[in-house]
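A.B. asks: Pasting a structure here, questions to come.
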Amino acid sequence: MNLIDIKNVSLHYGTRPVVKNVSVVVEQGEFFVIIGPNGAGKTSLLKALSGLHPLSAGDIEIRQRAIAGYSRKELARTLALVPQQINADFPFTVAETVLMGRYPHLGLLSVEGREDLRLAEQAMELTEVSHLASRRLGQLSGGERQRVIIARAICQQSKILLLDEPTASLDPAHQLRIMDLMERLRQQEQLTIVMVSHDLNLASTYADRLLLLKDGEVEQIGTPRQVLTQEQLSKSYGCTLLVDENPLLGTPRVSLVSEKIATAIKSEKVGS
Amino acid sequence: MIGYIPVYKKLIAVTLVLSLLLAFSMLLGLAIGSSGDASAAWKLLLGQGEPDPTLEVIVWQLRWPRVILAATVGASLSLGGLVFQALLRNPLAEPYILGVSGGSAVGAILGILAGFSIFPGLTLSSFGGSLLVLMLVLLLSNRREGNSDSLLLGGVMVNAFCGAVIMFLISVSKTSQMQKIIFWLMGDLSSVGTDTLPLLLGVLPCFLLIFLLAQPLNLLLTGRESASSMGVNVAAMMLVLLLTASLMVSLTVCHSGLIGFVGLTVPHILRLVLGSDHRILIPACILSGASYLVLCDLLARSLPSQGEMSVGIVTALVGAPLFIGLLWRGRK
């Protein structure tokens, strides 16, 4: 089933076009990753999906309904955004932050009931932050804070999770922890995950399908094997990237090749 | 859940304790004054002792309106401070420091000079003055995003300018109805000539409206996009809150002149004790802001050996050092 249907969408940032005529379909239960060089329009597209960026052309439909027709709260019950960071200037506790995810489900006075508390507890257990419940957000490490934001999104009970580079600035162990959590959530809670990432190897390992954007336009859509090819990546990113096979998984593995080596190889080829 | 007390339990406990504090402060405010015996007044309030007609007049006709005024003004100013701090994401924001109070005082004085009655003319001109300053402050903070010092500096300058305009207007006007300069510059609760009922009727709906927006305000503090993605209509909410808060502030300024730092002191102490949840902070701010100004006014009335001083002196004596302290801590 087409869960998210992006139809000929264009976006502008002021007068500057950032996304041009992009069409893509995300299916129910998919792990969908958006990649592309800096300034390709990845985050803008993600924001447009969550209703935070006005569309200059085209339409986005979720469950066959245009997002413009959703009320703010209704949209929040349908999809949850996990921003890279949230402001921690005001000292909310972890429990308070996670409970905020219940907001789109609450009435006028926004007082949480027992069921809301249970859901928050469950979300904190899933993301392994229960032991931090009474700590303040500002006292946590980057990885812990990211897990709290994800817990808040889970508590929101939306079936679609939108993530903006959730693993940026995390060490490999924390990156894996977040990504494995995403994978587990997708299976246990039947979530659909749309993620923006710069990490091509993470994308290769976890994604069902990839969207490669460049200068706001679709370069390619497909499985990691289809998209992550040496020619395609080197062309899109404007540098030499080596793609071979991950010996454990058989998925594409991307390695950086320094310019010096790249030139040496080229001249070698020309010479032979 | 471990480490979490349900909101309604916290709300009931906090409201109960702070209501008791307010009742106690008000009783003190009624009992103590420059004339009459405090212990006799205390007995009168508790319904004991001999009935004394003179004392009854002093307590119920002189002190009671003043205590009510102090409570209303205190509640409005602290709540105004809390709202400005949240919306501008700056713990040092406060109606007086931002110059919003000053703007509404200038508006009010122009209204008096134009011969407006207190409602709706004077209230509107004062509201207009506060909105004008607020717009200026917001433009400044948008222009220099992330630089909270420039916001405060702008506020200080607007404040100085408004102060000069106030003194200028009062000096050149010959209107007999114009009160003394000190009323407008330092704040004063002694001129409870006018009825405080319209003031109360004006600010109570503001209190309620702000309370209803408490949870969206919490979400907003985690970031605009974050709040928006969770279902908050950010632009509409900010507009409503800014309008409500400035209306509240300008209503109080018309009755009490410029009283500074209440909106800084009270929310700051409450946040230290109660945390950041505005569903708790808003009612707490209303109740303890009211108690705080009743007590400050009590000091202003009873400390000087003769006459009394402006309540604004007391609030500034407490608030300004706190402000400097906060600035000091923020620098590190």
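Letters A, B, ... mark the chains of the structure tokens in the order given; residue numbers begin at 1 per chain; ligand numbers begin at 1, in order shown.
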What are the residues of chain B lining chain A at 12 Å or less? Count only C-alpha atoms, and put the answer as an NGL selection string.

C.D. replies: :B and (1-11 or 85-91 or 208-234 or 268 or 271-280 or 330)

A.B. asks: Taking 4 positions as the minimum chain separation for residues in the same chain, which residues sit within 12 Å of A:Arg16 when counting only C-alpha atoms? Answer as a ChimeraX atom specification.

C.D. replies: /A:10-12,20,39,41,56,215-216

A.B. asks: List as JSON, numbers by chain the protein and nucleic acid residues near A:Gly222, meaning an atom at most 7 Å away when only C-alpha atoms are counted, but skip any in the same chain fewer than 2 places from it.

C.D. replies: {"A": [209, 210, 211, 220, 224, 226, 227]}

A.B. asks: Store the residues picked out above, limited to N, CA and C atoms, as an mmCIF file, in the first residue's frame.

C.D. replies:
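Writing done, so here's out23.cif:
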data_model
loop_
_atom_site.group_PDB
_atom_site.id
_atom_site.type_symbol
_atom_site.label_atom_id
_atom_site.label_comp_id
_atom_site.auth_asym_id
_atom_site.auth_seq_id
_atom_site.Cartn_x
_atom_site.Cartn_y
_atom_site.Cartn_z
ATOM 1 N N ARG A 209 14.902 0.786 0.734
ATOM 2 C CA ARG A 209 15.096 1.549 -0.489
ATOM 3 C C ARG A 209 15.730 2.892 -0.158
ATOM 4 N N LEU A 210 16.402 3.457 -1.163
ATOM 5 C CA LEU A 210 17.076 4.747 -0.986
ATOM 6 C C LEU A 210 16.552 5.735 -2.012
ATOM 7 N N LEU A 211 16.544 6.999 -1.598
ATOM 8 C CA LEU A 211 16.299 8.070 -2.556
ATOM 9 C C LEU A 211 17.567 8.902 -2.583
ATOM 10 N N GLN A 220 18.297 9.001 -8.257
ATOM 11 C CA GLN A 220 17.906 7.610 -8.369
ATOM 12 C C GLN A 220 17.076 7.167 -7.171
ATOM 13 N N PRO A 224 19.487 -0.482 -2.036
ATOM 14 C CA PRO A 224 20.893 -0.077 -1.868
ATOM 15 C C PRO A 224 21.773 -0.601 -3.006
ATOM 16 N N GLN A 226 20.969 -1.093 -6.060
ATOM 17 C CA GLN A 226 20.734 -0.329 -7.290
ATOM 18 C C GLN A 226 21.322 1.070 -7.215
ATOM 19 N N VAL A 227 21.227 1.680 -6.053
ATOM 20 C CA VAL A 227 21.614 3.090 -5.941
ATOM 21 C C VAL A 227 23.097 3.258 -5.616
#

A.B. asks: Neighbouring residues of B:Val266 were defined as those with any atom within 7 Å, considering only C-alpha atoms; residues of the same chain fewer than 3 positions away were excluded. Please report them as a list in words.

C.D. replies: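 That gives Ser78, Val262, Gly263, Ile269, Leu270, Cys285 and Gly289 of chain B.
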
A.B. asks: Give me the residues near A:Leu202 as a PDB file with C-alpha atoms, in the first residue's frame, where near means some atom within 10 Å (using only C-alpha atoms) and where sequence neighbours in that chain fewer than 5 positions away do not count.

C.D. replies:
ATOM      1  CA  VAL A  33      16.492   6.526   3.563  1.00  0.00           C
ATOM      2  CA  THR A 167      23.218   9.268  14.183  1.00  0.00           C
ATOM      3  CA  GLN A 175      24.965   4.756  16.035  1.00  0.00           C
ATOM      4  CA  LEU A 176      24.327   1.025  16.026  1.00  0.00           C
ATOM      5  CA  MET A 179      19.732   2.038  14.163  1.00  0.00           C
ATOM      6  CA  SER A 197      21.370  10.305   6.488  1.00  0.00           C
ATOM      7  CA  ALA A 207      17.459   0.700   4.207  1.00  0.00           C
ATOM      8  CA  ARG A 253      30.174  -1.068   1.123  1.00  0.00           C
ATOM      9  CA  VAL A 254      31.324   2.459   0.443  1.00  0.00           C
TER      10      VAL A 254
END

A.B. asks: Among stretch 32-222 of chain A, which ones does DSSP assign to helix (DSSP H, G or I) (computed from the backbone)? Answer as a CSV table (one decimal) with C-alpha atoms, in the first residue's frame.

C.D. replies:
chain,number,residue,atom,x,y,z
A,42,LYS,CA,17.0,16.2,2.0
A,43,THR,CA,16.0,17.9,5.2
A,44,SER,CA,13.7,20.3,3.4
A,45,LEU,CA,11.9,17.3,1.9
A,46,LEU,CA,11.6,15.7,5.3
A,47,LYS,CA,10.2,18.9,6.8
A,48,ALA,CA,7.7,19.2,4.0
A,49,LEU,CA,6.6,15.7,4.8
A,67,ILE,CA,-1.5,16.7,4.1
A,68,ALA,CA,-2.9,20.1,3.7
A,69,GLY,CA,-6.3,18.6,4.7
A,72,ARG,CA,-1.9,20.1,13.0
A,73,LYS,CA,-2.8,17.7,15.7
A,74,GLU,CA,-4.1,15.1,13.3
A,75,LEU,CA,-0.9,15.2,11.3
A,76,ALA,CA,1.1,14.8,14.6
A,77,ARG,CA,-0.9,11.7,15.3
A,78,THR,CA,0.0,10.3,11.9
A,94,VAL,CA,13.3,13.2,30.6
A,95,ALA,CA,9.9,11.9,31.8
A,96,GLU,CA,8.3,15.3,31.1
A,97,THR,CA,9.8,15.5,27.7
A,98,VAL,CA,8.7,12.0,26.7
A,99,LEU,CA,5.1,12.7,28.0
A,100,MET,CA,5.0,15.8,25.7
A,103,TYR,CA,0.0,16.3,23.4
A,104,PRO,CA,-1.7,15.6,20.0
A,105,HIS,CA,-3.9,13.0,21.8
A,114,ARG,CA,-2.8,6.7,33.6
A,115,GLU,CA,-2.8,5.4,30.0
A,116,ASP,CA,-0.5,8.2,28.9
A,117,LEU,CA,1.9,7.5,31.7
A,118,ARG,CA,1.9,3.8,30.7
A,119,LEU,CA,2.7,4.7,27.1
A,120,ALA,CA,5.5,7.0,28.1
A,121,GLU,CA,7.0,4.3,30.4
A,122,GLN,CA,6.8,1.8,27.6
A,123,ALA,CA,8.5,4.2,25.1
A,124,MET,CA,11.3,4.9,27.6
A,125,GLU,CA,11.8,1.1,28.1
A,126,LEU,CA,12.0,0.6,24.4
A,130,SER,CA,13.9,4.6,31.9
A,131,HIS,CA,16.8,4.9,34.3
A,132,LEU,CA,17.1,8.6,33.3
A,137,LEU,CA,17.7,17.0,29.5
A,138,GLY,CA,20.7,19.3,29.7
A,139,GLN,CA,22.5,16.7,31.8
A,142,GLY,CA,24.2,13.3,22.9
A,143,GLY,CA,23.3,9.7,22.4
A,144,GLU,CA,21.0,9.7,25.5
A,145,ARG,CA,19.3,12.8,24.4
A,146,GLN,CA,18.7,11.4,20.9
A,147,ARG,CA,17.1,8.3,22.5
A,148,VAL,CA,14.9,10.6,24.6
A,149,ILE,CA,13.7,12.4,21.5
A,150,ILE,CA,13.0,9.1,19.8
A,151,ALA,CA,11.1,8.0,22.9
A,152,ARG,CA,9.0,11.1,22.7
A,153,ALA,CA,8.2,10.3,19.0
A,154,ILE,CA,7.2,6.7,20.0
A,155,CYS,CA,5.0,8.1,22.7
A,172,PRO,CA,29.8,3.8,16.2
A,173,ALA,CA,28.4,2.0,19.3
A,174,HIS,CA,25.7,4.6,19.8
A,175,GLN,CA,25.0,4.8,16.0
A,176,LEU,CA,24.3,1.0,16.0
A,177,ARG,CA,22.2,1.2,19.1
A,178,ILE,CA,19.9,3.8,17.5
A,179,MET,CA,19.7,2.0,14.2
A,180,ASP,CA,19.0,-1.4,15.7
A,181,LEU,CA,16.3,0.3,17.8
A,182,MET,CA,14.8,1.7,14.6
A,183,GLU,CA,14.9,-1.7,13.0
A,184,ARG,CA,13.3,-3.3,16.1
A,185,LEU,CA,10.6,-0.7,16.2
A,186,ARG,CA,9.7,-1.2,12.6
A,187,GLN,CA,9.1,-4.8,13.3
A,188,GLN,CA,7.5,-4.7,16.7
A,200,LEU,CA,26.1,5.7,3.2
A,201,ASN,CA,27.1,2.5,5.0
A,202,LEU,CA,24.4,2.8,7.6
A,203,ALA,CA,21.9,3.4,4.7
A,204,SER,CA,23.2,0.4,2.9
A,205,THR,CA,22.9,-1.8,5.9
A,206,TYR,CA,19.4,-0.8,7.1

A.B. asks: Excluding B:Ser117 and any residue of its chain fewer than 5 positions from it, enumerate the residues within 12 Å of it, using only C-alpha atoms, and give them as an mmCIF file with N, CA and C atoms, in the first residue's frame.

C.D. replies:
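Result went into around.cif, see below:
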data_model
loop_
_atom_site.group_PDB
_atom_site.id
_atom_site.type_symbol
_atom_site.label_atom_id
_atom_site.label_comp_id
_atom_site.auth_asym_id
_atom_site.auth_seq_id
_atom_site.Cartn_x
_atom_site.Cartn_y
_atom_site.Cartn_z
ATOM 1 N N ALA B 108 -0.453 55.431 28.598
ATOM 2 C CA ALA B 108 -1.454 55.828 29.600
ATOM 3 C C ALA B 108 -1.421 57.326 29.855
ATOM 4 N N ILE B 109 -0.205 57.884 29.951
ATOM 5 C CA ILE B 109 -0.088 59.316 30.224
ATOM 6 C C ILE B 109 -0.650 60.138 29.058
ATOM 7 N N LEU B 110 -0.346 59.699 27.834
ATOM 8 C CA LEU B 110 -0.922 60.374 26.674
ATOM 9 C C LEU B 110 -2.439 60.294 26.729
ATOM 10 N N GLY B 111 -2.936 59.154 27.177
ATOM 11 C CA GLY B 111 -4.379 58.975 27.305
ATOM 12 C C GLY B 111 -4.981 59.943 28.310
ATOM 13 N N ILE B 112 -4.290 60.119 29.441
ATOM 14 C CA ILE B 112 -4.768 61.051 30.468
ATOM 15 C C ILE B 112 -4.778 62.474 29.915
ATOM 16 N N LEU B 122 -8.262 54.933 28.230
ATOM 17 C CA LEU B 122 -6.943 54.890 28.850
ATOM 18 C C LEU B 122 -6.320 53.502 28.720
ATOM 19 N N THR B 123 -7.139 52.482 28.962
ATOM 20 C CA THR B 123 -6.656 51.110 28.857
ATOM 21 C C THR B 123 -6.136 50.839 27.454
ATOM 22 N N LEU B 124 -6.880 51.321 26.451
ATOM 23 C CA LEU B 124 -6.471 51.070 25.072
ATOM 24 C C LEU B 124 -5.202 51.814 24.704
ATOM 25 N N SER B 125 -5.091 53.073 25.145
ATOM 26 C CA SER B 125 -3.888 53.823 24.774
ATOM 27 C C SER B 125 -2.666 53.203 25.452
ATOM 28 N N SER B 126 -2.869 52.717 26.666
ATOM 29 C CA SER B 126 -1.765 52.076 27.368
ATOM 30 C C SER B 126 -1.395 50.746 26.712
ATOM 31 N N GLN B 177 -5.259 66.401 37.018
ATOM 32 C CA GLN B 177 -5.521 64.980 37.280
ATOM 33 C C GLN B 177 -4.263 64.113 37.154
ATOM 34 N N THR B 194 -9.462 54.774 42.276
ATOM 35 C CA THR B 194 -10.376 54.159 41.326
ATOM 36 C C THR B 194 -10.736 52.747 41.763
ATOM 37 N N CYS B 254 -1.710 50.976 34.329
ATOM 38 C CA CYS B 254 -2.678 52.064 34.507
ATOM 39 C C CYS B 254 -3.023 52.267 35.978
#

A.B. asks: Smallest atom-to-atom distance to A:Thr223: which of A:Leu3, A:Ala262, A:Ile34, A:Ile62, using only C-alpha atoms?

C.D. replies: A:Ile34

A.B. asks: Using Å and a single decimal, report how far atom CA of B:Val137 sits from atom CA of B:Phe161.

C.D. replies: 13.7 Å

A.B. asks: Could you tell me how far atom CA of B:Thr315 lies from atom CA of B:Gly74, in Å and to one decimal?

C.D. replies: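 Between atom CA of B:Thr315 and atom CA of B:Gly74 the gap works out to 10.4 Å.
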
A.B. asks: Could you check the closest approach to A:Leu241 for each of A:Val18, A:Val218, A:Ile261, A:Ile193 and tell me which residue wins, using only C-alpha atoms?

C.D. replies: A:Ile261

A.B. asks: Would you mind writing down, as a short mmCIF file (atom, residue, chain, number, x, y, z; two decimals) with N, CA and C atoms, in the first residue's frame, each residue of stretch 24-236 of chain A that DSSP on the backbone assigns to strand (DSSP E or B)?

C.D. replies:
data_model
loop_
_atom_site.label_atom_id
_atom_site.label_comp_id
_atom_site.auth_asym_id
_atom_site.auth_seq_id
_atom_site.Cartn_x
_atom_site.Cartn_y
_atom_site.Cartn_z
N VAL A 24 7.95 10.50 -5.33
CA VAL A 24 8.40 9.23 -4.77
C VAL A 24 7.29 8.64 -3.90
N VAL A 25 7.25 7.33 -3.84
CA VAL A 25 6.24 6.66 -3.03
C VAL A 25 6.93 5.86 -1.94
N VAL A 26 6.45 6.00 -0.71
CA VAL A 26 6.98 5.18 0.38
C VAL A 26 5.88 4.22 0.82
N GLU A 27 6.26 2.96 0.92
CA GLU A 27 5.23 1.98 1.26
C GLU A 27 5.17 1.68 2.74
N PHE A 31 11.66 0.81 5.36
CA PHE A 31 12.74 1.61 5.95
C PHE A 31 13.32 2.37 4.77
N PHE A 32 12.99 3.67 4.71
CA PHE A 32 13.31 4.46 3.53
C PHE A 32 14.33 5.53 3.91
N VAL A 33 15.44 5.58 3.19
CA VAL A 33 16.49 6.53 3.56
C VAL A 33 16.75 7.50 2.42
N ILE A 34 16.82 8.79 2.78
CA ILE A 34 17.11 9.82 1.80
C ILE A 34 18.57 10.20 1.93
N ILE A 35 19.33 10.07 0.83
CA ILE A 35 20.74 10.45 0.87
C ILE A 35 21.01 11.50 -0.20
N ALA A 57 4.87 23.64 -5.16
CA ALA A 57 4.12 22.96 -6.22
C ALA A 57 4.00 21.49 -5.84
N GLY A 58 3.03 20.82 -6.42
CA GLY A 58 2.84 19.40 -6.16
C GLY A 58 2.02 19.13 -4.92
N ASP A 59 2.06 17.89 -4.50
CA ASP A 59 1.19 17.49 -3.40
C ASP A 59 1.83 16.33 -2.64
N ILE A 60 1.58 16.29 -1.33
CA ILE A 60 2.01 15.12 -0.57
C ILE A 60 0.77 14.48 0.02
N GLU A 61 0.59 13.19 -0.25
CA GLU A 61 -0.57 12.50 0.30
C GLU A 61 -0.10 11.44 1.28
N ILE A 62 -0.80 11.37 2.41
CA ILE A 62 -0.55 10.29 3.35
C ILE A 62 -1.85 9.52 3.48
N ARG A 65 -4.56 10.92 1.34
CA ARG A 65 -5.17 12.20 1.71
C ARG A 65 -4.09 13.28 1.74
N ALA A 66 -4.35 14.41 1.10
CA ALA A 66 -3.35 15.47 1.05
C ALA A 66 -3.05 15.99 2.45
N LEU A 79 2.22 11.25 11.83
CA LEU A 79 3.66 11.10 11.72
C LEU A 79 4.39 11.90 12.79
N ALA A 80 5.51 11.34 13.22
CA ALA A 80 6.29 11.98 14.28
C ALA A 80 7.67 12.32 13.75
N LEU A 81 8.10 13.54 13.99
CA LEU A 81 9.41 13.99 13.53
C LEU A 81 10.42 13.85 14.68
N VAL A 82 11.58 13.31 14.36
CA VAL A 82 12.66 13.28 15.34
C VAL A 82 13.72 14.26 14.86
N THR A 93 12.47 17.50 32.64
CA THR A 93 13.04 16.18 32.90
C THR A 93 12.76 15.28 31.70
N ARG A 136 17.49 15.78 34.11
CA ARG A 136 17.13 16.88 33.21
C ARG A 136 17.84 16.71 31.88
N ILE A 160 4.26 6.62 11.43
CA ILE A 160 5.36 7.00 10.56
C ILE A 160 6.38 7.80 11.36
N LEU A 161 7.63 7.39 11.31
CA LEU A 161 8.70 8.11 12.01
C LEU A 161 9.58 8.80 10.98
N LEU A 162 9.78 10.11 11.16
CA LEU A 162 10.67 10.84 10.27
C LEU A 162 11.91 11.23 11.06
N LEU A 163 13.08 10.82 10.60
CA LEU A 163 14.29 11.11 11.37
C LEU A 163 15.27 11.94 10.56
N ASP A 164 15.81 12.97 11.18
CA ASP A 164 16.78 13.81 10.50
C ASP A 164 18.17 13.52 11.07
N THR A 192 6.66 2.75 9.85
CA THR A 192 7.31 3.07 8.60
C THR A 192 8.35 4.14 8.94
N ILE A 193 9.55 3.96 8.44
CA ILE A 193 10.61 4.89 8.83
C ILE A 193 11.19 5.60 7.61
N VAL A 194 11.20 6.94 7.70
CA VAL A 194 11.84 7.74 6.66
C VAL A 194 12.97 8.50 7.33
N MET A 195 14.18 8.31 6.83
CA MET A 195 15.33 8.88 7.52
C MET A 195 16.24 9.60 6.54
N VAL A 196 16.75 10.74 6.98
CA VAL A 196 17.77 11.44 6.20
C VAL A 196 19.11 11.05 6.78
N ARG A 209 14.90 0.79 0.73
CA ARG A 209 15.10 1.55 -0.49
C ARG A 209 15.73 2.89 -0.16
N LEU A 210 16.40 3.46 -1.16
CA LEU A 210 17.08 4.75 -0.99
C LEU A 210 16.55 5.74 -2.01
N LEU A 211 16.54 7.00 -1.60
CA LEU A 211 16.30 8.07 -2.56
C LEU A 211 17.57 8.90 -2.58
N LEU A 212 18.17 9.02 -3.75
CA LEU A 212 19.38 9.83 -3.88
C LEU A 212 19.00 11.16 -4.52
N LEU A 213 19.19 12.23 -3.74
CA LEU A 213 18.85 13.57 -4.23
C LEU A 213 20.13 14.31 -4.56
N LYS A 214 20.05 15.15 -5.61
CA LYS A 214 21.16 16.06 -5.85
C LYS A 214 20.60 17.36 -6.41
N GLU A 217 16.97 17.50 -7.06
CA GLU A 217 16.32 16.62 -8.03
C GLU A 217 16.61 15.15 -7.71
N VAL A 218 15.71 14.28 -8.15
CA VAL A 218 15.90 12.85 -7.92
C VAL A 218 16.98 12.34 -8.86
N GLU A 219 18.04 11.73 -8.28
CA GLU A 219 19.05 11.10 -9.12
C GLU A 219 18.69 9.64 -9.33
N GLN A 220 18.30 9.00 -8.26
CA GLN A 220 17.91 7.61 -8.37
C GLN A 220 17.08 7.17 -7.17
N ILE A 221 16.18 6.22 -7.43
CA ILE A 221 15.42 5.61 -6.34
C ILE A 221 15.55 4.11 -6.51
N GLY A 222 15.83 3.42 -5.43
CA GLY A 222 15.91 1.97 -5.55
C GLY A 222 16.52 1.32 -4.34
#
